[in-house]
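Enquirer: Attaching a single structure in structure tokens format; questions to follow.
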Amino acid sequence: MEIERKFLVREPPADLDVYPVEHIEQGYLVLEPGGGELRIRRSDGRAKLTLKQGSGLVRAEEELTLARDRFKRLWPLTAERRVVKSRYRVPDEAATIEVDVYAGRHTGLIVAEVEFASVRDSEEFEPPAWLSEELTGDDRYANRTLAVDGVPEELRAYRLGDDEHAGEGVRRIVRAQIDAAIGDLEGDEPDVHSARKHLKRARSALRLVRDELGDDVYQRENTALRDAGRRLSGARDAQVMVETLDELVDDGAFADLRSRLEAGRGKAPPVDDAVAELREVRARTAVWDLDAPEVPEAFLPGFERIYRRGRKALRRARKDPTDAALHELRKRVKDLWYVSEILRPAHPKRTKRLAKRADDLSDVLGDHNDVAVLSENAGSAELDELIAPRRAKLRRRALKDGKRLYARKSGRASRRIGLRV
């Protein structure tokens with residue numbers, strides 16, 4: 001029998017890397033509703049098959065050693081039911097604390113487990129300050145659940161919890177977006193498109209607390225996230241151009257252009273450099289000064305700045321609707337969309353409506369940007385003539401919807417969603 005307690009770790013010890021570490025790959029062959037599981041695990045070259053039954057504080061467990069070739073034959077059977085993590089053993093006065101730092105699609109999740117000789121020992125254990133909420137018996141954080149469902153929504157949610165501290169909530173949100181981007185990039189097939197989306201969301205969240213962070217910290221982190229995203233842009237832009245061309249023309253048309261774009265799509269982006277930059281930003285989030293606990297105090301200046309920048313971009317686009325002006329408007333609309341999602345608890349119905357309108361406009365502006373980028377890179381008068389009606393239609397709709405989205409001044413807009421009294 002094993003007797004253990006589990007805890008969430010939000011801020012691991014700064015010297016975690018000095019402790020013994022074990023690298024673990026774990027996959028599940030059988031998962032039963034009552035808590036029964038049959039799993040295989042490889043750690044530092046050694047492989048085991050484990051049978052577990054039950055859940056919570058006390059569980060039944062049996063282990064068998066697996067030969068390497070047998071592990072290799074069984075491992076493919078665990079596809080879509082795996083976790084990868086590094087386990088650090090941190091000594092404590094009462095027991096050794098095993099700290100699991102997850103990787104891959106679980107990047108950012110850190111959990112600690114403490115095993116005891118008896119139930120009494122477990123009850124007398126005093127957790128050190130760096131252990132956060134207790135997770136013992138919480139099935140969402142069981143490895144079997146993580147392997148199937150991923151990280152619990154409460155940690156990844158791109159919005160404040162109903163009673164969540166405003167500053168800590170944004171710290172969590174930014175970390176979650178960075179973690180998700182790293183997870184996208186470290187997979188066997190890096191998902192550049194998804195990673196860039198997460199970075200854009202992280203930057204929007206930063207803009208919401210720019211006044212709290214201070215200009216120096218904000219500029220440093222925003223620049224780092226922007227640069228990481230730009231490293232990935234080439235391959236993604238090429239992919240979008242191929243997809244846009246396929247939507248516009250019949251198979252076989254513009255074959256030479258398509259071949260050229262395909263070649264650009266095939267270039268591997270500098271994923272390792274981007275991941276290194278993101279890890280540096282992730283580490284610095286621990287020292288961000290985000291003290292304001294209340295939503296209006298923390299977010300009012302940032303929201304109104306974001307909203308005013310959007311209105312200004314709309315005025316410029318209406319005056320001179322160039323591709324560059326519409327692209328700038330798109331960025332500002334995305335900011336408004338994202339921060340409206342974060343602020344959902346402030347006024348659920350109105351922030352949801354605001355986010356939906358911004359989302360819809362972002363899609364229209366995104367479609368316009370896709371054809372504009374294709375036109376710029378294609379250098380084909382014939383293609384330009386083909387796509388001109390679509391560009392014009394998208395431009396008209398974007399300006400019309402933008403006028404509706406930014407109909408109010410910033411003060412009235414913030415009052416409408418509950419940030420102003």
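By order in the structure tokens, chains are A, B, ...; within a chain, residues start at 1; ligands start at 1, following the order shown.
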Within 12 Å of stretch 30-33 of chain A, which residues of stretch 121-219 of chain A show up? Give each one with its shortest atom-to-atom distance in Å (one decimal) and the two atoms involved, counting only C-alpha atoms, rows by chain then rising residue number, as a tab-separated table.
Expert:
residue	atom	partner	partner_atom	distance
A:Asp139	CA	A:Pro33	CA	11.0
A:Ala142	CA	A:Leu31	CA	11.9
A:Asn143	CA	A:Leu31	CA	11.1
A:Arg144	CA	A:Leu31	CA	7.5
A:Thr145	CA	A:Leu31	CA	9.4
A:Ala147	CA	A:Leu31	CA	10.6
A:Val148	CA	A:Leu31	CA	9.9
Enquirer: List the spatial neighbours of A:Ala313 as a list of chain:residue names - criterion: any atom at most 12 Å away, only C-alpha atoms, same-chain residues fewer than 4 positions off excluded.
Expert: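 Once the nearby chain positions are removed, what remains is A:Ile306, A:Tyr307, A:Arg308, A:Arg309, A:Ala317, A:Arg318, A:Lys319, A:Asp320, A:Pro321, A:Thr322, A:Ala324, A:Ala325, A:Leu326, A:His327, A:Glu328, A:Leu329, A:Arg330, A:Lys331, A:Arg332, A:Val333, A:Leu399, A:Gly402, A:Lys403, A:Tyr406.
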Enquirer: Compile the contact shell of A:Ala358 as a list of chain:residue names: residues with an atom at most 8 Å away, counting only C-alpha atoms, same-chain residues fewer than 3 positions apart removed.
Expert: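 In the requested format, the answer is A:Val333, A:Lys334, A:Leu336, A:Trp337, A:Leu354, A:Ala355, A:Leu361, A:Ser362, A:Leu405.
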Enquirer: Output N, CA and C atoms for every residue in the selection just made, as an mmCIF file, in the first residue's frame.
Expert:
data_model
loop_
_atom_site.group_PDB
_atom_site.id
_atom_site.type_symbol
_atom_site.label_atom_id
_atom_site.label_comp_id
_atom_site.auth_asym_id
_atom_site.auth_seq_id
_atom_site.Cartn_x
_atom_site.Cartn_y
_atom_site.Cartn_z
ATOM 1 N N VAL A 333 -7.981 45.259 -32.052
ATOM 2 C CA VAL A 333 -9.235 44.547 -31.821
ATOM 3 C C VAL A 333 -8.974 43.248 -31.059
ATOM 4 N N LYS A 334 -7.899 42.555 -31.422
ATOM 5 C CA LYS A 334 -7.544 41.338 -30.700
ATOM 6 C C LYS A 334 -7.266 41.640 -29.231
ATOM 7 N N LEU A 336 -8.598 43.965 -27.425
ATOM 8 C CA LEU A 336 -9.886 44.184 -26.778
ATOM 9 C C LEU A 336 -10.631 42.868 -26.575
ATOM 10 N N TRP A 337 -10.575 42.014 -27.563
ATOM 11 C CA TRP A 337 -11.205 40.692 -27.456
ATOM 12 C C TRP A 337 -10.623 39.916 -26.279
ATOM 13 N N LEU A 354 -19.127 41.966 -25.616
ATOM 14 C CA LEU A 354 -18.009 42.745 -26.154
ATOM 15 C C LEU A 354 -16.962 41.825 -26.768
ATOM 16 N N ALA A 355 -16.635 40.750 -26.077
ATOM 17 C CA ALA A 355 -15.652 39.797 -26.597
ATOM 18 C C ALA A 355 -16.124 39.175 -27.902
ATOM 19 N N LEU A 361 -15.070 40.654 -35.447
ATOM 20 C CA LEU A 361 -14.353 41.643 -36.247
ATOM 21 C C LEU A 361 -12.920 41.197 -36.509
ATOM 22 N N SER A 362 -12.309 40.567 -35.512
ATOM 23 C CA SER A 362 -10.951 40.050 -35.691
ATOM 24 C C SER A 362 -10.894 39.029 -36.815
ATOM 25 N N LEU A 405 -18.312 48.471 -32.867
ATOM 26 C CA LEU A 405 -17.556 48.005 -31.705
ATOM 27 C C LEU A 405 -17.065 49.167 -30.856
#
Enquirer: Return the single residue from A:Ala180, A:Ala346, A:Ala298, A:Leu278 that is closest to A:Leu160, with distances computed using only C-alpha atoms.
Expert: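 Smallest separation from A:Leu160 among the options: A:Ala346.
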Enquirer: Check which residues of stretch 175-270 of chain A sit at most 12 Å from stretch 107-112 of chain A using only C-alpha atoms, and return one row each with the closest pair of atoms and their distance in Å to one decimal, ordered by chain and rising number, as a tab-separated table.
Expert:
residue	atom	partner	partner_atom	distance
A:Arg175	CA	A:Gly108	CA	7.5
A:Ala176	CA	A:Gly108	CA	6.9
A:Gln177	CA	A:Gly108	CA	9.5
A:Ile178	CA	A:Gly108	CA	8.4
A:Asp179	CA	A:Gly108	CA	5.1
A:Ala180	CA	A:Thr107	CA	6.7
A:Ala181	CA	A:Thr107	CA	8.9
A:Ile182	CA	A:Thr107	CA	7.0
A:Gly183	CA	A:Thr107	CA	5.6
A:Asp184	CA	A:Thr107	CA	9.3
A:Leu185	CA	A:Thr107	CA	10.7
A:Glu186	CA	A:Thr107	CA	9.4
A:Gly187	CA	A:Thr107	CA	10.8
Enquirer: Could you write out that same residue set with N, CA and C atoms as a tab-separated table (two decimals), in the first residue's frame?
Expert:
chain	number	residue	atom	x	y	z
A	175	ARG	N	1.45	33.19	-17.34
A	175	ARG	CA	2.23	31.95	-17.23
A	175	ARG	C	1.57	30.82	-18.02
A	176	ALA	N	0.26	30.71	-17.89
A	176	ALA	CA	-0.44	29.63	-18.58
A	176	ALA	C	-0.28	29.74	-20.09
A	177	GLN	N	-0.33	30.97	-20.62
A	177	GLN	CA	-0.17	31.16	-22.06
A	177	GLN	C	1.26	30.84	-22.50
A	178	ILE	N	2.25	31.25	-21.70
A	178	ILE	CA	3.64	30.92	-22.03
A	178	ILE	C	3.85	29.42	-21.96
A	179	ASP	N	3.32	28.79	-20.91
A	179	ASP	CA	3.46	27.34	-20.77
A	179	ASP	C	2.83	26.61	-21.95
A	180	ALA	N	1.65	27.07	-22.35
A	180	ALA	CA	0.97	26.42	-23.48
A	180	ALA	C	1.78	26.59	-24.77
A	181	ALA	N	2.38	27.77	-24.95
A	181	ALA	CA	3.20	28.00	-26.15
A	181	ALA	C	4.42	27.09	-26.14
A	182	ILE	N	5.07	26.97	-24.99
A	182	ILE	CA	6.23	26.08	-24.89
A	182	ILE	C	5.81	24.64	-25.18
A	183	GLY	N	4.67	24.23	-24.62
A	183	GLY	CA	4.18	22.88	-24.89
A	183	GLY	C	3.91	22.65	-26.36
A	184	ASP	N	3.35	23.65	-27.04
A	184	ASP	CA	3.11	23.55	-28.48
A	184	ASP	C	4.40	23.36	-29.26
A	185	LEU	N	5.45	24.03	-28.81
A	185	LEU	CA	6.70	24.04	-29.58
A	185	LEU	C	7.59	22.84	-29.28
A	186	GLU	N	7.41	22.22	-28.12
A	186	GLU	CA	8.28	21.11	-27.74
A	186	GLU	C	7.73	19.75	-28.15
A	187	GLY	N	6.60	19.70	-28.80
A	187	GLY	CA	6.05	18.43	-29.25
A	187	GLY	C	6.85	17.87	-30.41
Enquirer: Using only C-alpha atoms, can you tell me which of A:Glu243, A:Glu164, A:Asp211, A:Glu277 comes closest to A:Pro293?
Expert: A:Glu164
Enquirer: Quick one: residues within 6 Å of stretch 84-92 of chain A, only C-alpha atoms, excluding same-chain residues fewer than 3 positions away - as number ranges by chain?
Expert: A: 20-25, 95-103
Enquirer: Would you mind exporting C-alpha atoms of the selected residues as a PDB file, in the first residue's frame?
Expert:
ATOM      1  CA  PRO A  20      18.544  14.691  -7.498  1.00  0.00           C
ATOM      2  CA  VAL A  21      16.319  14.412 -10.569  1.00  0.00           C
ATOM      3  CA  GLU A  22      14.699  11.546 -12.449  1.00  0.00           C
ATOM      4  CA  HIS A  23      13.256  11.935 -15.956  1.00  0.00           C
ATOM      5  CA  ILE A  24      10.029  10.001 -16.430  1.00  0.00           C
ATOM      6  CA  GLU A  25       7.895   8.946 -19.405  1.00  0.00           C
ATOM      7  CA  ALA A  95      10.040  13.354   4.698  1.00  0.00           C
ATOM      8  CA  THR A  96      11.397  13.582   1.166  1.00  0.00           C
ATOM      9  CA  ILE A  97       9.189  15.687  -1.106  1.00  0.00           C
ATOM     10  CA  GLU A  98       8.984  14.499  -4.702  1.00  0.00           C
ATOM     11  CA  VAL A  99       8.428  17.480  -7.008  1.00  0.00           C
ATOM     12  CA  ASP A 100       7.117  16.624 -10.471  1.00  0.00           C
ATOM     13  CA  VAL A 101       7.788  19.262 -13.133  1.00  0.00           C
ATOM     14  CA  TYR A 102       5.700  18.349 -16.169  1.00  0.00           C
ATOM     15  CA  ALA A 103       6.680  18.877 -19.806  1.00  0.00           C
TER      16      ALA A 103
END
Enquirer: Got a sec: who's within 9 Å of stretch 218-235 of chain A, counting only C-alpha atoms, leaving out chain neighbours fewer than 3 positions off, as a PDB file with N, CA and C atoms, in the first residue's frame?
Expert:
ATOM      1  N   ILE A 178       2.245  31.251 -21.705  1.00  0.00           N
ATOM      2  CA  ILE A 178       3.638  30.923 -22.028  1.00  0.00           C
ATOM      3  C   ILE A 178       3.851  29.420 -21.962  1.00  0.00           C
ATOM      4  N   VAL A 192       3.218  25.780 -34.482  1.00  0.00           N
ATOM      5  CA  VAL A 192       3.617  27.184 -34.463  1.00  0.00           C
ATOM      6  C   VAL A 192       2.398  28.101 -34.397  1.00  0.00           C
ATOM      7  N   HIS A 193       1.348  27.753 -35.118  1.00  0.00           N
ATOM      8  CA  HIS A 193       0.154  28.593 -35.145  1.00  0.00           C
ATOM      9  C   HIS A 193      -0.447  28.738 -33.748  1.00  0.00           C
ATOM     10  N   ALA A 195       1.072  28.198 -30.874  1.00  0.00           N
ATOM     11  CA  ALA A 195       2.026  28.882 -29.998  1.00  0.00           C
ATOM     12  C   ALA A 195       1.944  30.395 -30.163  1.00  0.00           C
ATOM     13  N   ARG A 196       1.847  30.867 -31.400  1.00  0.00           N
ATOM     14  CA  ARG A 196       1.779  32.316 -31.621  1.00  0.00           C
ATOM     15  C   ARG A 196       0.487  32.900 -31.056  1.00  0.00           C
ATOM     16  N   LYS A 197      -0.602  32.160 -31.133  1.00  0.00           N
ATOM     17  CA  LYS A 197      -1.851  32.624 -30.533  1.00  0.00           C
ATOM     18  C   LYS A 197      -1.697  32.812 -29.034  1.00  0.00           C
ATOM     19  N   LEU A 199       1.019  33.444 -27.406  1.00  0.00           N
ATOM     20  CA  LEU A 199       1.888  34.588 -27.121  1.00  0.00           C
ATOM     21  C   LEU A 199       1.132  35.901 -27.293  1.00  0.00           C
ATOM     22  N   LYS A 200       0.258  35.969 -28.264  1.00  0.00           N
ATOM     23  CA  LYS A 200      -0.553  37.183 -28.439  1.00  0.00           C
ATOM     24  C   LYS A 200      -1.474  37.386 -27.249  1.00  0.00           C
ATOM     25  N   ALA A 202      -0.881  36.355 -24.221  1.00  0.00           N
ATOM     26  CA  ALA A 202      -0.036  36.761 -23.096  1.00  0.00           C
ATOM     27  C   ALA A 202       0.286  38.248 -23.167  1.00  0.00           C
ATOM     28  N   ARG A 203       0.574  38.748 -24.354  1.00  0.00           N
ATOM     29  CA  ARG A 203       0.898  40.173 -24.506  1.00  0.00           C
ATOM     30  C   ARG A 203      -0.315  41.056 -24.209  1.00  0.00           C
ATOM     31  N   LEU A 206      -0.631  41.356 -20.522  1.00  0.00           N
ATOM     32  CA  LEU A 206       0.366  42.300 -20.018  1.00  0.00           C
ATOM     33  C   LEU A 206      -0.112  43.738 -20.172  1.00  0.00           C
ATOM     34  N   ARG A 207      -0.715  44.044 -21.301  1.00  0.00           N
ATOM     35  CA  ARG A 207      -1.188  45.411 -21.535  1.00  0.00           C
ATOM     36  C   ARG A 207      -2.263  45.820 -20.536  1.00  0.00           C
ATOM     37  N   VAL A 209      -2.256  45.171 -17.412  1.00  0.00           N
ATOM     38  CA  VAL A 209      -1.653  45.559 -16.128  1.00  0.00           C
ATOM     39  C   VAL A 209      -0.366  46.366 -16.336  1.00  0.00           C
ATOM     40  N   ARG A 210      -0.281  47.059 -17.447  1.00  0.00           N
ATOM     41  CA  ARG A 210       0.927  47.832 -17.736  1.00  0.00           C
ATOM     42  C   ARG A 210       1.254  48.825 -16.625  1.00  0.00           C
ATOM     43  N   ASP A 211       0.238  49.508 -16.086  1.00  0.00           N
ATOM     44  CA  ASP A 211       0.488  50.495 -15.035  1.00  0.00           C
ATOM     45  C   ASP A 211       0.988  49.837 -13.761  1.00  0.00           C
ATOM     46  N   LEU A 213       2.725  46.968 -13.606  1.00  0.00           N
ATOM     47  CA  LEU A 213       4.073  46.460 -13.855  1.00  0.00           C
ATOM     48  C   LEU A 213       5.111  47.571 -13.901  1.00  0.00           C
ATOM     49  N   GLY A 214       4.719  48.720 -14.421  1.00  0.00           N
ATOM     50  CA  GLY A 214       5.684  49.787 -14.696  1.00  0.00           C
ATOM     51  C   GLY A 214       6.201  49.657 -16.116  1.00  0.00           C
ATOM     52  N   ASP A 215       6.544  50.782 -16.720  1.00  0.00           N
ATOM     53  CA  ASP A 215       6.918  50.780 -18.138  1.00  0.00           C
ATOM     54  C   ASP A 215       8.150  49.939 -18.432  1.00  0.00           C
ATOM     55  N   ALA A 238       3.845  31.487 -44.346  1.00  0.00           N
ATOM     56  CA  ALA A 238       3.863  30.693 -45.577  1.00  0.00           C
ATOM     57  C   ALA A 238       2.690  29.712 -45.610  1.00  0.00           C
ATOM     58  N   GLN A 239       2.391  29.107 -44.481  1.00  0.00           N
ATOM     59  CA  GLN A 239       1.274  28.169 -44.409  1.00  0.00           C
ATOM     60  C   GLN A 239      -0.048  28.881 -44.693  1.00  0.00           C
ATOM     61  N   VAL A 240      -0.228  30.061 -44.102  1.00  0.00           N
ATOM     62  CA  VAL A 240      -1.464  30.815 -44.312  1.00  0.00           C
ATOM     63  C   VAL A 240      -1.617  31.199 -45.779  1.00  0.00           C
ATOM     64  N   GLY A 264       8.516  27.721 -48.670  1.00  0.00           N
ATOM     65  CA  GLY A 264       8.638  28.539 -47.465  1.00  0.00           C
ATOM     66  C   GLY A 264       8.005  27.880 -46.269  1.00  0.00           C
ATOM     67  N   ARG A 265       6.917  27.168 -46.493  1.00  0.00           N
ATOM     68  CA  ARG A 265       6.235  26.491 -45.394  1.00  0.00           C
ATOM     69  C   ARG A 265       7.085  25.358 -44.843  1.00  0.00           C
ATOM     70  N   GLY A 266       7.914  24.777 -45.692  1.00  0.00           N
ATOM     71  CA  GLY A 266       8.712  23.641 -45.263  1.00  0.00           C
ATOM     72  C   GLY A 266       9.915  23.998 -44.415  1.00  0.00           C
ATOM     73  N   LYS A 267      10.253  25.270 -44.317  1.00  0.00           N
ATOM     74  CA  LYS A 267      11.409  25.669 -43.524  1.00  0.00           C
ATOM     75  C   LYS A 267      11.102  25.549 -42.041  1.00  0.00           C
ATOM     76  N   ALA A 268      11.984  24.899 -41.301  1.00  0.00           N
ATOM     77  CA  ALA A 268      11.764  24.702 -39.868  1.00  0.00           C
ATOM     78  C   ALA A 268      12.028  26.003 -39.113  1.00  0.00           C
ATOM     79  N   PRO A 269      11.078  26.443 -38.287  1.00  0.00           N
ATOM     80  CA  PRO A 269      11.291  27.664 -37.512  1.00  0.00           C
ATOM     81  C   PRO A 269      12.290  27.426 -36.385  1.00  0.00           C
ATOM     82  N   PRO A 270      12.953  28.475 -35.897  1.00  0.00           N
ATOM     83  CA  PRO A 270      13.939  28.327 -34.815  1.00  0.00           C
ATOM     84  C   PRO A 270      13.259  28.122 -33.470  1.00  0.00           C
ATOM     85  N   VAL A 271      12.691  26.946 -33.303  1.00  0.00           N
ATOM     86  CA  VAL A 271      11.891  26.664 -32.110  1.00  0.00           C
ATOM     87  C   VAL A 271      12.712  26.746 -30.832  1.00  0.00           C
ATOM     88  N   ASP A 273      15.316  28.499 -29.992  1.00  0.00           N
ATOM     89  CA  ASP A 273      15.590  29.870 -29.564  1.00  0.00           C
ATOM     90  C   ASP A 273      14.346  30.515 -28.966  1.00  0.00           C
ATOM     91  N   ALA A 274      13.203  30.275 -29.589  1.00  0.00           N
ATOM     92  CA  ALA A 274      11.954  30.839 -29.071  1.00  0.00           C
ATOM     93  C   ALA A 274      11.633  30.271 -27.694  1.00  0.00           C
ATOM     94  N   VAL A 275      11.801  28.970 -27.522  1.00  0.00           N
ATOM     95  CA  VAL A 275      11.518  28.343 -26.230  1.00  0.00           C
ATOM     96  C   VAL A 275      12.433  28.891 -25.144  1.00  0.00           C
ATOM     97  N   ALA A 276      13.711  29.090 -25.474  1.00  0.00           N
ATOM     98  CA  ALA A 276      14.652  29.638 -24.485  1.00  0.00           C
ATOM     99  C   ALA A 276      14.223  31.027 -24.035  1.00  0.00           C
ATOM    100  N   GLU A 277      13.782  31.866 -24.977  1.00  0.00           N
ATOM    101  CA  GLU A 277      13.307  33.201 -24.624  1.00  0.00           C
ATOM    102  C   GLU A 277      12.071  33.134 -23.736  1.00  0.00           C
ATOM    103  N   LEU A 278      11.179  32.235 -24.061  1.00  0.00           N
ATOM    104  CA  LEU A 278       9.946  32.115 -23.289  1.00  0.00           C
ATOM    105  C   LEU A 278      10.218  31.618 -21.881  1.00  0.00           C
ATOM    106  N   GLU A 280      12.811  32.263 -20.140  1.00  0.00           N
ATOM    107  CA  GLU A 280      13.359  33.388 -19.386  1.00  0.00           C
ATOM    108  C   GLU A 280      12.245  34.313 -18.907  1.00  0.00           C
ATOM    109  N   VAL A 281      11.287  34.593 -19.780  1.00  0.00           N
ATOM    110  CA  VAL A 281      10.153  35.429 -19.362  1.00  0.00           C
ATOM    111  C   VAL A 281       9.370  34.720 -18.264  1.00  0.00           C
ATOM    112  N   ARG A 284      10.867  35.145 -14.921  1.00  0.00           N
ATOM    113  CA  ARG A 284      10.768  36.498 -14.356  1.00  0.00           C
ATOM    114  C   ARG A 284       9.376  36.829 -13.827  1.00  0.00           C
TER     115      ARG A 284
END
Enquirer: Using only C-alpha atoms, determine which residues lie at most 9 Å from stretch 364-370 of chain A, disregarding the query and same-chain residues fewer than 4 positions distant; provide the list as a ChimeraX atom specification.
Expert: /A:237,240-241,244,323-324,326-327,329-330,359-360,374-375,390-392,394-395,397-398
Enquirer: Measuring atom to atom with only C-alpha atoms, identify which of A:Val371, A:Ala283, A:Ala94, A:Leu131 is nearest to A:Val242.
Expert: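 Looking only at the distances to A:Val242, the closest residue turns out to be A:Val371.
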Enquirer: Going by DSSP on the backbone, which residues of stretch 95-273 of chain A come out as helix (DSSP H, G or I)? List them as a ChimeraX atom specification.
Expert: /A:104-106,119-124,139-141,143-149,153-156,166-185,192-208,210-213,215-231,233-248,255-265,271-273
Enquirer: Since we have the selection now, will you write its residues out, keeping C-alpha atoms, as a short mmCIF file (atom, residue, chain, number, x, y, z; two decimals), in the first residue's frame?
Expert:
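The resulting file, selection_34.cif, is reproduced below:
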data_model
loop_
_atom_site.label_atom_id
_atom_site.label_comp_id
_atom_site.auth_asym_id
_atom_site.auth_seq_id
_atom_site.Cartn_x
_atom_site.Cartn_y
_atom_site.Cartn_z
CA GLY A 104 5.03 18.65 -23.22
CA ARG A 105 1.36 19.60 -23.25
CA HIS A 106 1.42 19.75 -19.44
CA VAL A 119 -1.64 7.47 8.05
CA ARG A 120 -0.65 9.08 11.35
CA ASP A 121 2.61 10.33 9.86
CA SER A 122 0.68 11.85 6.97
CA GLU A 123 -1.68 13.65 9.34
CA GLU A 124 1.21 15.10 11.37
CA ASP A 139 -8.83 13.23 -9.49
CA ARG A 140 -8.21 16.16 -11.86
CA TYR A 141 -4.55 16.09 -10.84
CA ASN A 143 -1.55 11.37 -13.57
CA ARG A 144 -4.14 9.16 -15.25
CA THR A 145 -6.48 12.14 -15.66
CA LEU A 146 -3.71 14.48 -16.76
CA ALA A 147 -2.64 11.94 -19.38
CA VAL A 148 -6.12 11.95 -20.95
CA ASP A 149 -7.55 15.41 -20.22
CA GLU A 153 -9.07 24.21 -16.77
CA GLU A 154 -8.80 26.25 -13.57
CA LEU A 155 -5.06 26.68 -14.16
CA ARG A 156 -5.32 27.38 -17.89
CA ALA A 166 -6.46 40.59 -9.81
CA GLY A 167 -2.67 40.75 -9.94
CA GLU A 168 -2.12 37.08 -9.18
CA GLY A 169 -4.77 36.20 -11.71
CA VAL A 170 -2.91 37.98 -14.50
CA ARG A 171 0.34 36.35 -13.40
CA ARG A 172 -1.36 32.96 -13.65
CA ILE A 173 -2.90 33.81 -17.04
CA VAL A 174 0.39 34.98 -18.57
CA ARG A 175 2.23 31.95 -17.23
CA ALA A 176 -0.44 29.63 -18.58
CA GLN A 177 -0.17 31.16 -22.06
CA ILE A 178 3.64 30.92 -22.03
CA ASP A 179 3.46 27.34 -20.77
CA ALA A 180 0.97 26.42 -23.48
CA ALA A 181 3.20 28.00 -26.15
CA ILE A 182 6.23 26.08 -24.89
CA GLY A 183 4.18 22.88 -24.89
CA ASP A 184 3.11 23.55 -28.48
CA LEU A 185 6.70 24.04 -29.58
CA VAL A 192 3.62 27.18 -34.46
CA HIS A 193 0.15 28.59 -35.15
CA SER A 194 -1.16 27.67 -31.71
CA ALA A 195 2.03 28.88 -30.00
CA ARG A 196 1.78 32.32 -31.62
CA LYS A 197 -1.85 32.62 -30.53
CA HIS A 198 -0.85 31.95 -26.95
CA LEU A 199 1.89 34.59 -27.12
CA LYS A 200 -0.55 37.18 -28.44
CA ARG A 201 -2.89 36.43 -25.57
CA ALA A 202 -0.04 36.76 -23.10
CA ARG A 203 0.90 40.17 -24.51
CA SER A 204 -2.71 41.39 -24.28
CA ALA A 205 -2.85 40.35 -20.62
CA LEU A 206 0.37 42.30 -20.02
CA ARG A 207 -1.19 45.41 -21.54
CA LEU A 208 -4.05 45.14 -19.09
CA ARG A 210 0.93 47.83 -17.74
CA ASP A 211 0.49 50.49 -15.04
CA GLU A 212 0.93 47.93 -12.27
CA LEU A 213 4.07 46.46 -13.86
CA ASP A 215 6.92 50.78 -18.14
CA ASP A 216 10.39 49.22 -17.81
CA VAL A 217 9.13 45.76 -16.88
CA TYR A 218 6.27 45.94 -19.36
CA GLN A 219 8.55 46.95 -22.25
CA ARG A 220 11.07 44.22 -21.42
CA GLU A 221 8.52 41.42 -21.26
CA ASN A 222 6.39 42.61 -24.16
CA THR A 223 9.48 42.89 -26.37
CA ALA A 224 10.66 39.41 -25.37
CA LEU A 225 7.29 37.83 -26.15
CA ARG A 226 7.03 39.77 -29.41
CA ASP A 227 10.50 38.68 -30.53
CA ALA A 228 9.78 35.04 -29.69
CA GLY A 229 6.64 35.22 -31.80
CA ARG A 230 8.47 36.83 -34.69
CA ARG A 231 10.97 33.99 -34.75
CA SER A 233 6.27 33.94 -38.07
CA GLY A 234 7.96 32.89 -41.32
CA ALA A 235 6.71 29.31 -41.42
CA ARG A 236 3.24 30.29 -40.22
CA ASP A 237 2.88 33.09 -42.80
CA ALA A 238 3.86 30.69 -45.58
CA GLN A 239 1.27 28.17 -44.41
CA VAL A 240 -1.46 30.82 -44.31
CA MET A 241 -0.61 31.98 -47.82
CA VAL A 242 -0.88 28.44 -49.18
CA GLU A 243 -4.24 27.94 -47.47
CA THR A 244 -5.53 31.31 -48.70
CA LEU A 245 -4.42 30.59 -52.28
CA ASP A 246 -6.22 27.23 -52.18
CA GLU A 247 -9.43 28.96 -51.09
CA LEU A 248 -9.23 31.50 -53.90
CA ALA A 255 1.10 26.19 -59.67
CA ASP A 256 4.49 27.95 -59.67
CA LEU A 257 3.38 30.34 -56.96
CA ARG A 258 2.04 27.53 -54.86
CA SER A 259 5.31 25.61 -55.15
CA ARG A 260 7.24 28.67 -54.02
CA LEU A 261 4.97 29.16 -51.02
CA GLU A 262 5.17 25.47 -50.14
CA ALA A 263 8.95 25.75 -50.03
CA GLY A 264 8.64 28.54 -47.46
CA ARG A 265 6.23 26.49 -45.39
CA VAL A 271 11.89 26.66 -32.11
CA ASP A 272 14.73 26.17 -29.62
CA ASP A 273 15.59 29.87 -29.56
#
